[in-house]
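Participant: Got a structure for you, coords.json, holding JSON, C-alpha atoms.
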[["chain", "number", "residue", "atom", "x", "y", "z"],
["J", 1, "MET", "CA", 49.66, -166.42, -76.29],
["J", 2, "ARG", "CA", 47.33, -168.20, -78.71],
["J", 3, "LEU", "CA", 47.09, -171.26, -76.50],
["J", 4, "LEU", "CA", 46.71, -169.21, -73.31],
["J", 5, "SER", "CA", 43.85, -167.11, -74.70],
["J", 6, "THR", "CA", 42.17, -170.26, -76.04],
["J", 7, "TYR", "CA", 42.58, -171.94, -72.65],
["J", 8, "LEU", "CA", 40.90, -168.94, -70.96],
["J", 9, "ILE", "CA", 38.02, -169.06, -73.48],
["J", 10, "GLY", "CA", 37.57, -172.78, -72.68],
["J", 11, "LEU", "CA", 37.59, -171.86, -68.99],
["J", 12, "ILE", "CA", 34.83, -169.25, -69.48],
["J", 13, "PHE", "CA", 32.81, -171.88, -71.36],
["J", 14, "GLY", "CA", 33.47, -174.47, -68.64],
["J", 15, "VAL", "CA", 32.44, -172.10, -65.84],
["J", 16, "GLY", "CA", 29.34, -171.10, -67.82],
["J", 17, "ILE", "CA", 28.31, -174.72, -68.38],
["J", 18, "SER", "CA", 29.00, -175.55, -64.71],
["J", 19, "ILE", "CA", 26.88, -172.80, -63.18],
["J", 20, "SER", "CA", 24.14, -173.01, -65.85],
["J", 21, "GLY", "CA", 23.14, -176.59, -64.99],
["J", 22, "MET", "CA", 23.92, -178.03, -68.46],
["J", 23, "ALA", "CA", 26.47, -180.36, -66.85],
["J", 24, "ASN", "CA", 23.82, -181.75, -64.51],
["J", 25, "PRO", "CA", 21.72, -184.54, -66.10],
["J", 26, "ALA", "CA", 19.05, -184.25, -63.38],
["J", 27, "LYS", "CA", 18.47, -180.63, -64.39],
["J", 28, "VAL", "CA", 18.68, -181.30, -68.14],
["J", 29, "LEU", "CA", 16.18, -184.18, -67.98],
["J", 30, "ASN", "CA", 13.83, -182.12, -65.79],
["J", 31, "PHE", "CA", 13.89, -179.35, -68.40],
["J", 32, "PHE", "CA", 12.46, -181.78, -70.93],
["J", 33, "ASP", "CA", 10.04, -183.38, -68.45],
["J", 34, "VAL", "CA", 7.26, -180.83, -68.85],
["J", 35, "ALA", "CA", 4.70, -183.42, -67.74],
["J", 36, "GLY", "CA", 6.63, -184.33, -64.57],
["J", 37, "THR", "CA", 9.32, -182.67, -62.43],
["J", 38, "TRP", "CA", 9.65, -179.70, -64.82],
["J", 39, "ASP", "CA", 12.49, -177.23, -64.27],
["J", 40, "PRO", "CA", 12.47, -174.51, -66.97],
["J", 41, "SER", "CA", 15.94, -173.15, -66.02],
["J", 42, "LEU", "CA", 17.64, -174.30, -69.21],
["J", 43, "ILE", "CA", 15.56, -172.00, -71.41],
["J", 44, "PHE", "CA", 17.53, -169.20, -69.70],
["J", 45, "VAL", "CA", 20.82, -170.91, -70.60],
["J", 46, "MET", "CA", 19.91, -171.27, -74.28],
["J", 47, "GLY", "CA", 18.33, -167.81, -74.36],
["J", 48, "GLY", "CA", 21.29, -166.05, -72.73],
["J", 49, "ALA", "CA", 23.86, -167.90, -74.85],
["J", 50, "VAL", "CA", 22.07, -167.37, -78.18],
["J", 51, "VAL", "CA", 21.36, -163.65, -77.58],
["J", 52, "VAL", "CA", 24.97, -162.92, -76.57],
["J", 53, "ALA", "CA", 26.38, -164.99, -79.46],
["J", 54, "PHE", "CA", 23.96, -163.40, -81.95],
["J", 55, "LEU", "CA", 24.92, -159.84, -80.95],
["J", 56, "GLY", "CA", 28.63, -160.67, -80.60],
["J", 57, "TYR", "CA", 28.83, -162.41, -83.99],
["J", 58, "ARG", "CA", 27.17, -159.38, -85.66],
["J", 59, "ILE", "CA", 30.09, -157.25, -84.43],
["J", 60, "VAL", "CA", 32.94, -159.78, -84.79],
["J", 61, "LEU", "CA", 32.02, -161.02, -88.28],
["J", 62, "ARG", "CA", 32.20, -157.47, -89.66],
["J", 63, "ARG", "CA", 35.98, -157.76, -89.34],
["J", 64, "PRO", "CA", 37.87, -158.97, -92.43],
["J", 65, "ALA", "CA", 39.55, -161.67, -90.31],
["J", 66, "PRO", "CA", 39.85, -162.89, -86.73],
["J", 67, "ILE", "CA", 42.68, -161.54, -84.54],
["J", 68, "ILE", "CA", 44.95, -164.59, -84.43],
["J", 69, "ASP", "CA", 44.01, -166.54, -87.57],
["J", 70, "ALA", "CA", 44.05, -165.50, -91.25],
["J", 71, "LYS", "CA", 40.35, -166.18, -91.88],
["J", 72, "PHE", "CA", 37.03, -167.15, -90.31],
["J", 73, "HIS", "CA", 36.33, -170.89, -90.45],
["J", 74, "LEU", "CA", 32.58, -170.92, -91.01],
["J", 75, "PRO", "CA", 30.65, -173.97, -92.25],
["J", 76, "GLU", "CA", 29.51, -173.29, -95.82],
["J", 77, "ASN", "CA", 27.22, -176.27, -96.27],
["J", 78, "SER", "CA", 23.60, -175.12, -96.06],
["J", 79, "ARG", "CA", 21.90, -178.35, -97.18],
["J", 80, "ILE", "CA", 19.37, -179.89, -94.84],
["J", 81, "ASP", "CA", 19.84, -183.56, -95.71],
["J", 82, "ALA", "CA", 19.03, -186.97, -94.25],
["J", 83, "ARG", "CA", 22.39, -187.17, -92.44],
["J", 84, "LEU", "CA", 21.76, -183.91, -90.60],
["J", 85, "VAL", "CA", 18.17, -184.71, -89.66],
["J", 86, "GLY", "CA", 18.73, -188.39, -88.85],
["J", 87, "GLY", "CA", 21.91, -187.67, -86.88],
["J", 88, "SER", "CA", 20.28, -184.88, -84.90],
["J", 89, "ALA", "CA", 17.24, -187.07, -84.18],
["J", 90, "LEU", "CA", 19.50, -189.85, -82.87],
["J", 91, "PHE", "CA", 21.50, -187.36, -80.81],
["J", 92, "GLY", "CA", 18.26, -186.24, -79.16],
["J", 93, "VAL", "CA", 17.30, -189.81, -78.29],
["J", 94, "GLY", "CA", 20.71, -190.37, -76.68],
["J", 95, "TRP", "CA", 20.56, -187.04, -74.85],
["J", 96, "GLY", "CA", 17.09, -187.89, -73.53],
["J", 97, "ILE", "CA", 18.33, -191.26, -72.27],
["J", 98, "ALA", "CA", 21.60, -190.13, -70.67],
["J", 99, "GLY", "CA", 20.97, -186.47, -69.81],
["J", 100, "PHE", "CA", 24.46, -185.45, -70.94],
["J", 101, "CYS", "CA", 25.28, -183.69, -74.22],
["J", 102, "PRO", "CA", 28.93, -183.33, -75.36],
["J", 103, "GLY", "CA", 29.18, -179.65, -74.33],
["J", 104, "GLY", "CA", 27.81, -180.47, -70.89],
["J", 105, "ALA", "CA", 29.89, -183.60, -70.38],
["J", 106, "LEU", "CA", 33.33, -182.19, -71.34],
["J", 107, "PRO", "CA", 33.39, -179.61, -68.50],
["J", 108, "ALA", "CA", 31.69, -182.14, -66.17],
["J", 109, "LEU", "CA", 34.82, -184.34, -66.51],
["J", 110, "GLY", "CA", 36.47, -181.83, -64.15],
["J", 111, "THR", "CA", 34.24, -182.94, -61.29],
["J", 112, "GLY", "CA", 35.91, -186.37, -61.49],
["J", 113, "GLN", "CA", 32.59, -188.22, -61.21],
["J", 114, "ILE", "CA", 32.71, -191.74, -62.61],
["J", 115, "GLU", "CA", 29.39, -191.39, -64.49],
["J", 116, "VAL", "CA", 30.85, -188.63, -66.67],
["J", 117, "PHE", "CA", 33.81, -190.80, -67.66],
["J", 118, "ALA", "CA", 31.48, -193.70, -68.49],
["J", 119, "PHE", "CA", 29.33, -191.44, -70.66],
["J", 120, "MET", "CA", 32.42, -189.99, -72.39],
["J", 121, "ALA", "CA", 33.82, -193.46, -73.14],
["J", 122, "ALA", "CA", 30.51, -194.48, -74.77],
["J", 123, "LEU", "CA", 30.33, -191.13, -76.63],
["J", 124, "ILE", "CA", 33.84, -191.63, -78.05],
["J", 125, "ALA", "CA", 32.96, -195.21, -79.06],
["J", 126, "GLY", "CA", 29.87, -193.83, -80.85],
["J", 127, "ILE", "CA", 31.93, -191.20, -82.70],
["J", 128, "PHE", "CA", 34.39, -193.86, -83.94],
["J", 129, "ALA", "CA", 31.54, -196.23, -84.86],
["J", 130, "ALA", "CA", 29.88, -193.48, -86.92],
["J", 131, "LYS", "CA", 33.14, -192.53, -88.66],
["J", 132, "TRP", "CA", 33.75, -196.20, -89.51],
["J", 133, "LEU", "CA", 30.19, -196.56, -90.86],
["J", 134, "MET", "CA", 30.63, -193.41, -92.94],
["J", 135, "THR", "CA", 33.87, -194.73, -94.48],
["J", 136, "LEU", "CA", 32.09, -197.99, -95.35],
["J", 137, "THR", "CA", 29.10, -196.31, -96.99],
["J", 138, "ASN", "CA", 31.33, -193.77, -98.79],
["J", 139, "ALA", "CA", 33.53, -196.57, -100.19],
["J", 140, "ARG", "CA", 30.43, -198.46, -101.32],
["J", 141, "ALA", "CA", 29.00, -195.37, -103.00],
["J", 142, "ALA", "CA", 32.31, -194.78, -104.78],
["J", 143, "ARG", "CA", 32.35, -198.43, -106.02],
["J", 144, "LEU", "CA", 28.77, -198.16, -107.33],
["J", 145, "LEU", "CA", 29.62, -194.91, -109.07],
["J", 146, "ARG", "CA", 32.66, -196.49, -110.77],
["J", 147, "ARG", "CA", 30.57, -199.45, -111.96],
["J", 148, "GLU", "CA", 28.02, -197.13, -113.56],
["J", 149, "THR", "CA", 30.56, -195.10, -115.49],
["G", 150, "MET", "CA", 13.91, -200.17, -65.09],
["G", 151, "LEU", "CA", 15.16, -197.58, -67.55],
["G", 152, "GLU", "CA", 15.71, -194.72, -65.20],
["G", 153, "LEU", "CA", 16.28, -194.32, -61.50],
["G", 154, "THR", "CA", 13.87, -192.01, -59.65],
["G", 155, "ALA", "CA", 13.78, -188.50, -61.11],
["G", 156, "ILE", "CA", 15.62, -185.99, -58.92],
["G", 157, "GLU", "CA", 13.77, -182.71, -58.37],
["G", 158, "THR", "CA", 15.88, -179.66, -59.15],
["G", 159, "LEU", "CA", 15.40, -176.03, -58.13],
["G", 160, "PHE", "CA", 14.39, -173.41, -60.70],
["G", 161, "THR", "CA", 17.52, -171.23, -61.05],
["G", 162, "PRO", "CA", 16.73, -168.58, -63.69],
["G", 163, "TRP", "CA", 19.46, -166.04, -62.78],
["G", 164, "GLN", "CA", 22.23, -168.54, -62.30],
["G", 165, "SER", "CA", 21.29, -170.32, -65.53],
["G", 166, "LEU", "CA", 21.07, -167.01, -67.40],
["G", 167, "ALA", "CA", 24.54, -166.04, -66.10],
["G", 168, "GLY", "CA", 25.87, -169.42, -67.27],
["G", 169, "GLY", "CA", 24.26, -168.93, -70.67],
["G", 170, "VAL", "CA", 25.78, -165.47, -71.02],
["G", 171, "LEU", "CA", 29.25, -166.91, -70.28],
["G", 172, "ILE", "CA", 28.70, -169.69, -72.86],
["G", 173, "GLY", "CA", 27.71, -167.04, -75.44],
["G", 174, "LEU", "CA", 30.66, -164.84, -74.47],
["G", 175, "ALA", "CA", 33.12, -167.73, -74.89],
["G", 176, "SER", "CA", 31.62, -168.47, -78.33],
["G", 177, "VAL", "CA", 32.06, -164.84, -79.43],
["G", 178, "LEU", "CA", 35.64, -164.69, -78.10],
["G", 179, "LEU", "CA", 36.61, -167.89, -79.93],
["G", 180, "MET", "CA", 35.23, -166.41, -83.17],
["G", 181, "LEU", "CA", 37.03, -163.11, -82.52],
["G", 182, "THR", "CA", 40.42, -164.70, -81.84],
["G", 183, "LEU", "CA", 40.61, -167.91, -83.91],
["G", 184, "GLY", "CA", 37.59, -167.51, -86.19],
["G", 185, "ARG", "CA", 36.20, -170.83, -84.98],
["G", 186, "ILE", "CA", 32.77, -172.15, -84.01],
["G", 187, "MET", "CA", 32.54, -173.16, -80.33],
["G", 188, "GLY", "CA", 31.23, -176.69, -80.82],
["G", 189, "ALA", "CA", 31.95, -179.46, -78.35],
["G", 190, "THR", "CA", 31.48, -182.11, -81.05],
["G", 191, "GLY", "CA", 33.96, -180.45, -83.41],
["G", 192, "VAL", "CA", 36.55, -179.95, -80.67],
["G", 193, "LEU", "CA", 36.27, -183.56, -79.52],
["G", 194, "ALA", "CA", 36.26, -185.05, -83.04],
["G", 195, "GLY", "CA", 39.31, -182.95, -83.93],
["G", 196, "ILE", "CA", 41.23, -184.32, -80.96],
["G", 197, "LEU", "CA", 40.14, -187.93, -81.61],
["G", 198, "THR", "CA", 41.12, -187.91, -85.30],
["G", 199, "PRO", "CA", 44.26, -185.74, -85.39],
["G", 200, "SER", "CA", 45.28, -187.01, -88.86],
["G", 201, "ALA", "CA", 42.19, -185.37, -90.38],
["G", 202, "HIS", "CA", 42.61, -182.24, -88.21],
["G", 203, "PRO", "CA", 46.31, -181.35, -87.97],
["G", 204, "ASP", "CA", 45.64, -178.16, -85.99],
["G", 205, "ILE", "CA", 45.14, -179.87, -82.63],
["G", 206, "GLY", "CA", 46.85, -177.38, -80.27],
["G", 207, "TRP", "CA", 43.97, -174.92, -79.85],
["G", 208, "ARG", "CA", 41.47, -177.75, -79.43],
["G", 209, "LEU", "CA", 43.52, -179.25, -76.58],
["G", 210, "ALA", "CA", 43.88, -175.81, -74.94],
["G", 211, "LEU", "CA", 40.12, -175.24, -75.21],
["G", 212, "LEU", "CA", 39.38, -178.69, -73.78],
["G", 213, "ALA", "CA", 41.78, -178.09, -70.87],
["G", 214, "GLY", "CA", 39.95, -174.83, -70.13],
["G", 215, "MET", "CA", 36.55, -176.55, -70.23],
["G", 216, "ILE", "CA", 37.63, -179.32, -67.86],
["G", 217, "THR", "CA", 39.08, -176.86, -65.34],
["G", 218, "GLY", "CA", 35.77, -174.92, -65.36],
["G", 219, "PRO", "CA", 34.21, -176.86, -62.45],
["G", 220, "LEU", "CA", 37.47, -176.51, -60.47],
["G", 221, "ALA", "CA", 37.38, -172.72, -60.94],
["G", 222, "VAL", "CA", 33.78, -172.72, -59.68],
["G", 223, "MET", "CA", 34.92, -174.82, -56.70],
["G", 224, "ALA", "CA", 37.74, -172.35, -55.99],
["G", 225, "LEU", "CA", 35.39, -169.35, -56.20],
["G", 226, "THR", "CA", 32.36, -170.69, -54.33],
["G", 227, "GLY", "CA", 33.80, -173.54, -52.24],
["G", 228, "GLN", "CA", 31.35, -175.93, -53.87],
["G", 229, "MET", "CA", 31.79, -178.32, -56.81],
["G", 230, "PRO", "CA", 28.97, -177.89, -59.39],
["G", 231, "ALA", "CA", 26.27, -180.53, -58.95],
["G", 232, "VAL", "CA", 26.35, -183.47, -61.36],
["G", 233, "GLU", "CA", 23.36, -185.62, -60.36],
["G", 234, "VAL", "CA", 22.77, -188.63, -62.61],
["G", 235, "PRO", "CA", 19.29, -190.18, -62.29],
["G", 236, "VAL", "CA", 20.23, -192.73, -64.96],
["G", 237, "SER", "CA", 21.46, -196.31, -64.56],
["G", 238, "MET", "CA", 24.96, -197.16, -65.81],
["G", 239, "PRO", "CA", 23.78, -199.34, -68.77],
["G", 240, "MET", "CA", 21.44, -196.58, -69.97],
["G", 241, "LEU", "CA", 24.20, -194.00, -69.57],
["G", 242, "LEU", "CA", 26.38, -196.09, -71.90],
["G", 243, "VAL", "CA", 23.58, -196.66, -74.43],
["G", 244, "GLY", "CA", 22.75, -192.94, -74.38],
["G", 245, "GLY", "CA", 26.40, -191.94, -74.78],
["G", 246, "PHE", "CA", 26.88, -194.29, -77.74],
["G", 247, "LEU", "CA", 23.76, -192.91, -79.49],
["G", 248, "VAL", "CA", 24.90, -189.32, -78.82],
["G", 249, "GLY", "CA", 28.29, -190.15, -80.39],
["G", 250, "ILE", "CA", 26.73, -191.57, -83.56],
["G", 251, "GLY", "CA", 24.12, -188.80, -83.74],
["G", 252, "VAL", "CA", 26.45, -185.81, -83.38],
["G", 253, "THR", "CA", 28.87, -187.29, -85.92],
["G", 254, "TYR", "CA", 26.17, -187.76, -88.59],
["G", 255, "GLY", "CA", 24.47, -184.51, -87.57],
["G", 256, "SER", "CA", 27.81, -182.60, -87.54],
["G", 257, "GLY", "CA", 27.13, -180.89, -84.23],
["G", 258, "CYS", "CA", 25.33, -180.73, -80.92],
["G", 259, "THR", "CA", 23.81, -178.26, -78.48],
["G", 260, "SER", "CA", 26.81, -175.91, -78.52],
["G", 261, "GLY", "CA", 27.76, -175.95, -82.22],
["G", 262, "HIS", "CA", 24.24, -176.06, -83.72],
["G", 263, "GLY", "CA", 22.09, -174.95, -80.77],
["G", 264, "VAL", "CA", 24.07, -171.86, -79.75],
["G", 265, "CYS", "CA", 26.59, -170.88, -82.46],
["G", 266, "GLY", "CA", 24.62, -172.08, -85.50],
["G", 267, "VAL", "CA", 21.32, -170.61, -84.35],
["G", 268, "ALA", "CA", 23.11, -167.33, -83.52],
["G", 269, "ARG", "CA", 24.47, -167.27, -87.11],
["G", 270, "LEU", "CA", 20.90, -167.96, -88.32],
["G", 271, "SER", "CA", 22.22, -171.03, -90.17],
["G", 272, "ARG", "CA", 19.30, -172.96, -91.72],
["G", 273, "ARG", "CA", 21.07, -176.27, -91.10],
["G", 274, "SER", "CA", 21.66, -175.52, -87.43],
["G", 275, "ILE", "CA", 18.12, -174.26, -86.83],
["G", 276, "ALA", "CA", 16.76, -177.46, -88.41],
["G", 277, "ALA", "CA", 19.16, -179.65, -86.41],
["G", 278, "THR", "CA", 18.30, -177.89, -83.14],
["G", 279, "ALA", "CA", 14.54, -178.18, -83.74],
["G", 280, "VAL", "CA", 14.94, -181.91, -84.47],
["G", 281, "PHE", "CA", 17.08, -182.81, -81.46],
["G", 282, "MET", "CA", 15.06, -180.72, -79.00],
["G", 283, "LEU", "CA", 11.95, -182.54, -80.22],
["G", 284, "THR", "CA", 13.43, -186.06, -80.04],
["G", 285, "THR", "CA", 15.02, -185.37, -76.63],
["G", 286, "GLY", "CA", 11.65, -184.25, -75.28],
["G", 287, "LEU", "CA", 9.88, -187.26, -76.77],
["G", 288, "THR", "CA", 12.51, -189.65, -75.38],
["G", 289, "VAL", "CA", 12.24, -188.20, -71.87],
["G", 290, "PHE", "CA", 8.44, -188.39, -72.07],
["G", 291, "VAL", "CA", 8.47, -192.02, -73.21],
["G", 292, "ILE", "CA", 11.01, -193.09, -70.57],
["G", 293, "ARG", "CA", 9.38, -191.25, -67.67],
["G", 294, "HIS", "CA", 5.67, -191.45, -68.47],
["G", 295, "VAL", "CA", 5.06, -194.29, -70.93],
["G", 296, "VAL", "CA", 7.61, -196.99, -70.01],
["G", 297, "GLY", "CA", 8.37, -195.90, -66.45],
["G", 298, "GLY", "CA", 5.00, -194.32, -65.62]]
Could you show the structure in this file as C-alpha cells?
Facilitator:
Amino acid sequence: MRLLSTYLIGLIFGVGISISGMANPAKVLNFFDVAGTWDPSLIFVMGGAVVVAFLGYRIVLRRPAPIIDAKFHLPENSRIDARLVGGSALFGVGWGIAGFCPGGALPALGTGQIEVFAFMAALIAGIFAAKWLMTLTNARAARLLRRET
Amino acid sequence: MLELTAIETLFTPWQSLAGGVLIGLASVLLMLTLGRIMGATGVLAGILTPSAHPDIGWRLALLAGMITGPLAVMALTGQMPAVEVPVSMPMLLVGGFLVGIGVTYGSGCTSGHGVCGVARLSRRSIAATAVFMLTTGLTVFVIRHVVGG
C-alpha cells in the first residue's frame, strides 16, 4: 500500500516533468537564453508547481502527522552558509552547461535516450566525489579541533 | 565548440502549466502520505548511500514511478516526450559532474529547493534557488553569446 501509493506519486511527478518540458534540455536552455532563442514556458512550470505546493502544504502541514508515517520530515537547518551558496552556484553552472537537472533527468531515463544515461552517470560520479570531499574536510576539521583542545 | 546549435522550441504555456501543477500535486501528496520533501537530489542520494539512509523502499518506489512517467505519456498520447540535447557528449559529462557536486554541497536542486523549499518559504531554499537560477542564466549566456557567439 505504502509502496504503491509512493509509486503513483512518482508517476504523477514523472508525467508532470515529461509534459512540462523540464526533461528537455533544449527547452530548459532556451528558457535561460533570454538574449537568444528564448522560450519562457518554464516560468509556467515553476509557477504552477510552487503555487500548488504552497497551497497544498498550508493544508497538509496543519495535520499533526502525515497519513502513513509518524511525523513530518522537514529540514530544520535555516542557516544560509558557504556550502549552500557555493553548492547551488556550482549546480547552476552544471545545469547551464548540460541542460538537465536531477529532477528532469530521473524521469527522462524512461525515454531510454543515451544522453540521459551519460548525464546520470556523471551526476552520480559528482555526488560520490562531493561526499568523499566532505568526509575528507570533516576529518581534517575534527583533527584540527582535537589539536586545539 | 562548447555547444551544438541551439534548437528552437515552441512556447507551450498551457502544457507547461499543467506539468507544473502535476509536479506540485505530487509534492503535496508525498508530504501528505509520508511527510517527505519531493527532492530529486534527496531521493537519489538516499538510494546511492543506503547505509546512511536505511529507509530505501519508498525512494525506490518513487524513482520507479518517475522513470515510468514518460512511458505513461507515450501510452496516453502515442508520443514519447521530447528530449532534445543541444550539448556535446563531453560537455554533458562535465555538466553532470558539476551538478552532482553542486547539489550535494547545496543539499538540493530545482525540485527540493526550487519547488518544495520555496513553497515552504524556507530562507535557505529561497537563497539557493536565487543563486542557481542566476548562475544557470549566466552560464547559458556565456556559452551561447560570449564563447560561442
Participant: Between atom CA of J:Val93 and atom CA of G:Leu166, what is the distance, to one decimal in Å?
Facilitator: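 According to the coordinates, atom CA of J:Val93 and atom CA of G:Leu166 are separated by 25.5 Å.
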Participant: Quick one: distance from atom CA of G:Cys265 to atom CA of G:Pro230 in Å, one decimal?
Facilitator: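 Separation of atom CA of G:Cys265 and atom CA of G:Pro230: 24.2 Å.
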Participant: Could you state the separation of atom CA of G:Phe281 and atom CA of J:Phe32 in Å, given to one decimal place?
Facilitator: 11.5 Å
Participant: Any chance you could work out the axis-aligned box around stretch 137-140 of chain J, listed atoms only, 8 Å on each side, giving centre and edge lengths in Å to one decimal, as lines of an AutoDock Vina configuration file?
Facilitator:
center_x = 31.3
center_y = -196.1
center_z = -99.2
size_x = 20.4
size_y = 20.7
size_z = 20.3
Participant: Under the rule that only C-alpha atoms are counted, which of G:Ala155, G:Pro203, G:Val222, G:Ala194 is the nearest residue to G:Gly168?
Facilitator: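 Of the candidates, the smallest distance to G:Gly168 is held by G:Val222.
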Participant: Which residues, written as a PyMOL selection string, have at least one atom at most 10 Å from J:Gly103, with only C-alpha atoms counted and residues fewer than 4 positions away on the same chain left out?
Facilitator: (chain J and resi 13-14+17+22-23+107-108) or (chain G and resi 187-190+192-193+215+258-261)
Participant: Fewer than 6 positions away in the same chain doesn't count, so skip those; otherwise give me all residues within 12 Å of G:Leu174, counting all atoms listed in the file, as a ChimeraX atom specification.
Facilitator: /J:8-17,48-57,60 /G:167-168,180-181,187,264-265
Participant: Would you please work out which residue, of G:Leu241, G:Leu283, G:Ala213, G:Leu179, is nearest to J:Leu90 when using all atoms listed in the file?
Facilitator: G:Leu283
Participant: Under the rule that all atoms listed in the file are counted, which of J:Ile127, J:Met134, J:Ala121, J:Ala35 is the nearest residue to chain G?
Facilitator: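 Smallest separation from chain G among the options: J:Ile127.
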